[in-house]
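Q: What follows is a structure written as structure tokens; I'll ask about it next.
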Amino acid sequence: MEAGILINLYEDEKVVLVIRRHWLAFLQSILITLVLLLVFVIGFFLLYSRINSANPALCLTTPLITDSLAKGALVIFSSIYLLSTFAFFYISWLDYYLDIFMITNKRILRIEQLVLFGQNISETSLQHVQDVSSKVRGIIYTVLNVGTVFIETAGERANFSFNFIKDPAEVAAQILELQKEMWGDEGFKEDLTLERKNEKIEKMNTGDPLRKKEETEKARAMETNYQGEIKKEPHILVKKILDIGNKLMKTKEEPNIPIEEKTEPKNGKILKQNHYSDGRKITPNGVIWQSEQEISEDILDTLNEMEG
Amino acid sequence: MSLSLLLSIYVVFLLIYGTVLGFAVYKVFMFARNQDLKGYSKRMTFAFLTTVFFIVFITFLIIRSYDWNDGFSFYCKQVFPNSCFCEISADAQKACQEAKNAKALQKQTNSANINTINQLPKT
């Protein structure tokens with residue numbers, strides 16, 4: 001965007017309509033300015049007559065404030081008052097004139113001037129427009145055909161409303177016509193917001209083509225994931241934890257049933273041993289886990305070899 | 001002649017006014033650079049600037065004919081008529097002090113003369 005130019009159009013984008021608010025919106029400021037000027041004229045002549053007044057009760061001059069000084073002060077304060085009045089008028093006009101409702105063949109823009117040191121630019125693409133309606137209310141508004149255009153947008157996007165618009169019904173019809181044309185155009189299928197995001201990423205990654213490509217792909221993937229078109233693969237650690245959990249659930253579901261029951265005679269006594277499905281072995285001396293059993297078998301083998 | 005308080009206020013006002021409105025005018029001219037948004041903004045701005053310059057010019061033209069005796073030293077002297085600190089410049093303060101001393105000396109001389117005259121034998 002060049003300095004000072006408020007909007008940045010796409011390559012194949014064309015401005016169809018630029019609408020400003022009707023002068024009725026500015027009428028209030030005009031009236032206030034006229035009242036202020038009238039107050040000035042009355043006040044100036046009143047004060048000037050009191051400076052030259054022969055009546056000492058009304059006269060504004062004192063030994064400290066001479067006649068010349070009083071007149072000079074009146075001129076200076078009049079000048080300040082007049083300059084402030086015209087500044088008010090100009091800033092009000094600026095506020096009115098820089099509020100713009102712009103329709104292009106791709107989107108709707110609203111540039112809102114906030115007094116002197118603020119600006120609000122909101123936009124929506126024509127494909128997000130769900131409904132357009134207009135309203136004209138009041139005698140003056142009906143006579144001048146001035147009203148409000150409402151634009152409802154899809155999802156959580158903010159709705160648009162433009163007041164003090166000349167021929168609101170005509171504007172609403174024009175928006176709907178443009179939307180119809182856009183849907184008829186087969187070449188236009190991309191989401192404008194996504195397009196803009198990609199443009200930004202490309203701008204950020206200038207100079208590193210590999211990184212640029214990666215970032216663009218990542219942004220696109222994230223966007224599509226967000227929209228629910230592709231589901232992301234879970235992380236490898238999450239996968240492992242899920243596997244362990246599944247195994248545990250499985251073991252819980254299957255009860256530990258003794259799969260083998262042995263009775264071994266030892267020192268003339270019959271000892272019972274139970275083998276379970278999880279590898280446990282319960283002996284009269286206590287529980288022996290599978291890992292312990294393996295170790296003890298290895299130790300026994302080693303001992304046997306040594307004895308042999 | 002000391003600096004007029006009213007004129008100082010006016011000059012400060014003009015400086016602030018010029019800065020704020022200068023920014024507004026700059027904004028309008030930048031806005032008018034966009035071909036799609038061109039309108040009567042430049043004409044309006046020129047009309048406004050002409051009015052402002054005309055008011056300021058007329059004001060300066062009128063106020064030249066008045067006596068601006070509303071400086072700090074003027075009001076200070078009204079409140080403290082016998083003191084010299086109301087003079088702004090060092091030279092004026094020095095001159096004031098010298099004049100004050102001379103006046104005191106004159107007064108002293110006068111009273112001495114009166115005493116001498118009183119002491120003379122009456123004829």
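Residue numbers start at 1 in each chain; chains themselves are named A, B, ... in the order of the structure tokens; ligands are numbered from 1 in the order shown.
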Residues within 7 Å of A:Val129, please, as a PyMOL selection string. Count only C-alpha atoms; anything in the same chain fewer than 6 positions from it doesn't count.

A: chain A and resi 151-154

Q: Please dump the current selection as a compact mmCIF listing (two decimals), in the first residue's frame; keep C-alpha atoms.

A:
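The new file selection02.txt reads:
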# COMPACT_ATOMS: atom_id res chain seq x y z
CA ILE A 151 -25.52 -6.42 4.73
CA GLU A 152 -25.62 -9.70 6.62
CA THR A 153 -22.49 -11.77 6.40
CA ALA A 154 -21.90 -15.47 7.02

Q: Return as a Markdown table the residues of chain B lying at most 8 Å from chain A, together with the closest atom-to-atom pair for each and the distance in Å to one decimal, counting only C-alpha atoms, with rows in chain order and ascending residue number.

A:
| residue | atom | partner | partner_atom | distance |
| --- | --- | --- | --- | --- |
| B:Leu6 | CA | A:Ala73 | CA | 6.8 |
| B:Leu7 | CA | A:Ile76 | CA | 7.9 |
| B:Tyr10 | CA | A:Ile76 | CA | 6.8 |
| B:Phe13 | CA | A:Ile80 | CA | 7.7 |
| B:Leu21 | CA | A:Ala87 | CA | 7.4 |
| B:Ala24 | CA | A:Leu116 | CA | 6.7 |
| B:Lys27 | CA | A:Gly4 | CA | 7.3 |
| B:Val28 | CA | A:Leu94 | CA | 7.7 |
| B:Met30 | CA | A:Gly4 | CA | 4.7 |
| B:Phe31 | CA | A:Gly4 | CA | 6.0 |
| B:Arg33 | CA | A:Ile5 | CA | 6.9 |
| B:Asn34 | CA | A:Ile5 | CA | 5.9 |
| B:Asp36 | CA | A:Val15 | CA | 7.4 |
| B:Leu37 | CA | A:Val18 | CA | 7.2 |
| B:Ser41 | CA | A:Tyr97 | CA | 7.8 |
| B:Phe48 | CA | A:Tyr90 | CA | 7.1 |
| B:Val52 | CA | A:Leu83 | CA | 6.5 |
| B:Ile55 | CA | A:Ser79 | CA | 6.6 |
| B:Val56 | CA | A:Ser79 | CA | 7.1 |
| B:Thr59 | CA | A:Ser79 | CA | 6.5 |
| B:Ile62 | CA | A:Val75 | CA | 7.7 |
| B:Ile63 | CA | A:Gly72 | CA | 5.7 |
| B:Tyr66 | CA | A:Ser68 | CA | 5.4 |
| B:Asp67 | CA | A:Ser68 | CA | 5.9 |
| B:Trp68 | CA | A:Leu69 | CA | 6.0 |
| B:Asn69 | CA | A:Leu69 | CA | 7.1 |
| B:Asp70 | CA | A:Leu69 | CA | 7.4 |
| B:Tyr75 | CA | A:Leu64 | CA | 7.7 |
| B:Gln78 | CA | A:Leu64 | CA | 7.9 |

Q: Could you take the residues named above and write them with N, CA and C atoms, as an mmCIF file, in the first residue's frame?

A:
data_model
loop_
_atom_site.group_PDB
_atom_site.id
_atom_site.type_symbol
_atom_site.label_atom_id
_atom_site.label_comp_id
_atom_site.auth_asym_id
_atom_site.auth_seq_id
_atom_site.Cartn_x
_atom_site.Cartn_y
_atom_site.Cartn_z
ATOM 1 N N LEU B 6 -1.490 39.170 25.420
ATOM 2 C CA LEU B 6 -2.545 38.766 24.473
ATOM 3 C C LEU B 6 -1.966 38.307 23.133
ATOM 4 N N LEU B 7 -0.966 39.049 22.664
ATOM 5 C CA LEU B 7 -0.345 38.665 21.389
ATOM 6 C C LEU B 7 0.379 37.327 21.511
ATOM 7 N N TYR B 10 -2.139 34.589 21.315
ATOM 8 C CA TYR B 10 -2.608 34.439 19.929
ATOM 9 C C TYR B 10 -1.587 33.667 19.075
ATOM 10 N N PHE B 13 -1.654 30.034 20.022
ATOM 11 C CA PHE B 13 -2.876 29.433 19.461
ATOM 12 C C PHE B 13 -2.679 29.136 17.969
ATOM 13 N N LEU B 21 -4.443 21.448 12.033
ATOM 14 C CA LEU B 21 -5.132 21.581 10.739
ATOM 15 C C LEU B 21 -4.212 21.230 9.569
ATOM 16 N N ALA B 24 -4.611 17.631 9.110
ATOM 17 C CA ALA B 24 -5.901 17.332 8.463
ATOM 18 C C ALA B 24 -5.823 17.581 6.957
ATOM 19 N N LYS B 27 -3.829 14.926 5.234
ATOM 20 C CA LYS B 27 -4.632 13.711 5.142
ATOM 21 C C LYS B 27 -5.572 13.775 3.934
ATOM 22 N N VAL B 28 -6.189 14.925 3.748
ATOM 23 C CA VAL B 28 -7.121 15.091 2.626
ATOM 24 C C VAL B 28 -6.376 14.992 1.297
ATOM 25 N N MET B 30 -3.597 13.404 0.700
ATOM 26 C CA MET B 30 -3.186 12.016 0.503
ATOM 27 C C MET B 30 -4.376 11.182 0.028
ATOM 28 N N PHE B 31 -5.518 11.472 0.590
ATOM 29 C CA PHE B 31 -6.751 10.772 0.238
ATOM 30 C C PHE B 31 -7.109 11.056 -1.226
ATOM 31 N N ARG B 33 -5.238 11.542 -3.604
ATOM 32 C CA ARG B 33 -4.322 10.908 -4.557
ATOM 33 C C ARG B 33 -4.946 9.657 -5.181
ATOM 34 N N ASN B 34 -5.860 9.048 -4.444
ATOM 35 C CA ASN B 34 -6.524 7.853 -4.948
ATOM 36 C C ASN B 34 -7.562 8.263 -6.003
ATOM 37 N N ASP B 36 -9.889 6.696 -7.486
ATOM 38 C CA ASP B 36 -11.270 6.235 -7.297
ATOM 39 C C ASP B 36 -12.041 7.079 -6.291
ATOM 40 N N LEU B 37 -11.311 7.742 -5.416
ATOM 41 C CA LEU B 37 -11.980 8.480 -4.339
ATOM 42 C C LEU B 37 -11.964 9.999 -4.562
ATOM 43 N N SER B 41 -12.708 17.311 -2.524
ATOM 44 C CA SER B 41 -11.933 17.486 -1.291
ATOM 45 C C SER B 41 -10.884 18.590 -1.404
ATOM 46 N N PHE B 48 -11.190 26.393 2.629
ATOM 47 C CA PHE B 48 -10.965 26.496 4.076
ATOM 48 C C PHE B 48 -9.666 27.242 4.373
ATOM 49 N N VAL B 52 -9.076 30.786 6.423
ATOM 50 C CA VAL B 52 -8.208 30.868 7.611
ATOM 51 C C VAL B 52 -7.144 31.953 7.423
ATOM 52 N N ILE B 55 -8.656 35.450 7.683
ATOM 53 C CA ILE B 55 -8.962 35.847 9.072
ATOM 54 C C ILE B 55 -7.681 36.273 9.797
ATOM 55 N N VAL B 56 -6.624 35.474 9.641
ATOM 56 C CA VAL B 56 -5.359 35.780 10.335
ATOM 57 C C VAL B 56 -4.774 37.097 9.801
ATOM 58 N N THR B 59 -6.756 40.038 11.072
ATOM 59 C CA THR B 59 -6.482 40.214 12.512
ATOM 60 C C THR B 59 -5.173 40.989 12.716
ATOM 61 N N ILE B 62 -5.477 44.657 11.761
ATOM 62 C CA ILE B 62 -6.219 45.499 12.726
ATOM 63 C C ILE B 62 -5.390 45.747 13.982
ATOM 64 N N ILE B 63 -4.804 44.678 14.507
ATOM 65 C CA ILE B 63 -4.146 44.808 15.818
ATOM 66 C C ILE B 63 -2.884 45.677 15.791
ATOM 67 N N TYR B 66 -3.346 49.198 17.448
ATOM 68 C CA TYR B 66 -3.620 49.338 18.892
ATOM 69 C C TYR B 66 -2.335 49.405 19.723
ATOM 70 N N ASP B 67 -2.480 50.011 20.927
ATOM 71 C CA ASP B 67 -1.343 50.043 21.864
ATOM 72 C C ASP B 67 -1.428 48.811 22.751
ATOM 73 N N TRP B 68 -0.375 48.016 22.705
ATOM 74 C CA TRP B 68 -0.404 46.748 23.472
ATOM 75 C C TRP B 68 0.361 46.921 24.783
ATOM 76 N N ASN B 69 -0.222 47.692 25.676
ATOM 77 C CA ASN B 69 0.429 47.897 26.977
ATOM 78 C C ASN B 69 -0.107 46.879 28.003
ATOM 79 N N ASP B 70 -0.089 45.608 27.603
ATOM 80 C CA ASP B 70 -0.561 44.568 28.529
ATOM 81 C C ASP B 70 0.567 43.577 28.840
ATOM 82 N N TYR B 75 1.666 45.407 34.146
ATOM 83 C CA TYR B 75 0.775 45.002 35.253
ATOM 84 C C TYR B 75 1.529 44.909 36.575
ATOM 85 N N GLN B 78 1.848 48.260 38.035
ATOM 86 C CA GLN B 78 0.566 48.702 38.591
ATOM 87 C C GLN B 78 0.400 48.196 40.026
#

Q: Find the distance between atom CA of A:Phe164 and atom CA of A:Leu27 and write it in Å to one decimal.

A: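 So the two atoms, atom CA of A:Phe164 and atom CA of A:Leu27, lie 11.3 Å apart.
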
Q: Work out how far apart atom CA of A:Ser122 and atom CA of A:Val149 are and give it in Å to one decimal.

A: 15.5 Å

Q: Write down as an MDAnalysis selection string the residues of stretch 58-109 of chain A whose backbone DSSP state falls under strand (DSSP E).

A: chainID A and resid 100:104 107:109

Q: Name all residues at most 9 Å from stretch 171-178 of chain A (count only C-alpha atoms; drop same-chain ones fewer than 5 positions away) and give them as a PyMOL selection string.

A: chain A and resi 17+103-106+108+126+129+131-134+149-151+165-166+183

Q: Any chance you can output those residues with C-alpha atoms as an mmCIF file, in the first residue's frame?

A:
data_model
loop_
_atom_site.group_PDB
_atom_site.id
_atom_site.type_symbol
_atom_site.label_atom_id
_atom_site.label_comp_id
_atom_site.auth_asym_id
_atom_site.auth_seq_id
_atom_site.Cartn_x
_atom_site.Cartn_y
_atom_site.Cartn_z
ATOM 1 C CA LEU A 17 -19.291 1.848 -6.788
ATOM 2 C CA ILE A 103 -18.058 -1.906 -3.654
ATOM 3 C CA THR A 104 -15.688 -3.731 -5.969
ATOM 4 C CA ASN A 105 -16.319 -6.808 -8.083
ATOM 5 C CA LYS A 106 -14.842 -8.928 -5.263
ATOM 6 C CA ILE A 108 -17.327 -4.598 0.058
ATOM 7 C CA LEU A 126 -18.971 -10.787 -1.780
ATOM 8 C CA VAL A 129 -22.651 -11.843 1.897
ATOM 9 C CA ASP A 131 -28.466 -11.113 2.715
ATOM 10 C CA VAL A 132 -28.785 -7.476 1.672
ATOM 11 C CA SER A 133 -31.682 -5.287 2.716
ATOM 12 C CA SER A 134 -32.518 -1.580 2.731
ATOM 13 C CA VAL A 149 -28.389 -0.568 3.645
ATOM 14 C CA PHE A 150 -27.888 -3.682 5.799
ATOM 15 C CA ILE A 151 -25.522 -6.418 4.733
ATOM 16 C CA ILE A 165 -27.263 6.278 1.615
ATOM 17 C CA LYS A 166 -28.979 7.728 -1.430
ATOM 18 C CA TRP A 183 -20.883 -16.871 -8.492
#

Q: Which distance in Å separates atom CA of B:Thr116 and atom CA of B:Glu98, to one decimal?

A: 26.8 Å

Q: DSSP on the backbone: which residues in chain B end up as helix (DSSP H, G or I)? Give the answer as number ranges by chain.

A: B: 5-32, 35-37, 41-63, 72-79, 90-119

Q: Looking at B:Leu61, B:Ala102, B:Ile88, B:Val25, which one is nearest to B:Thr45, with distances taken over only C-alpha atoms?

A: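 For B:Thr45, the nearest of the given residues is B:Val25.
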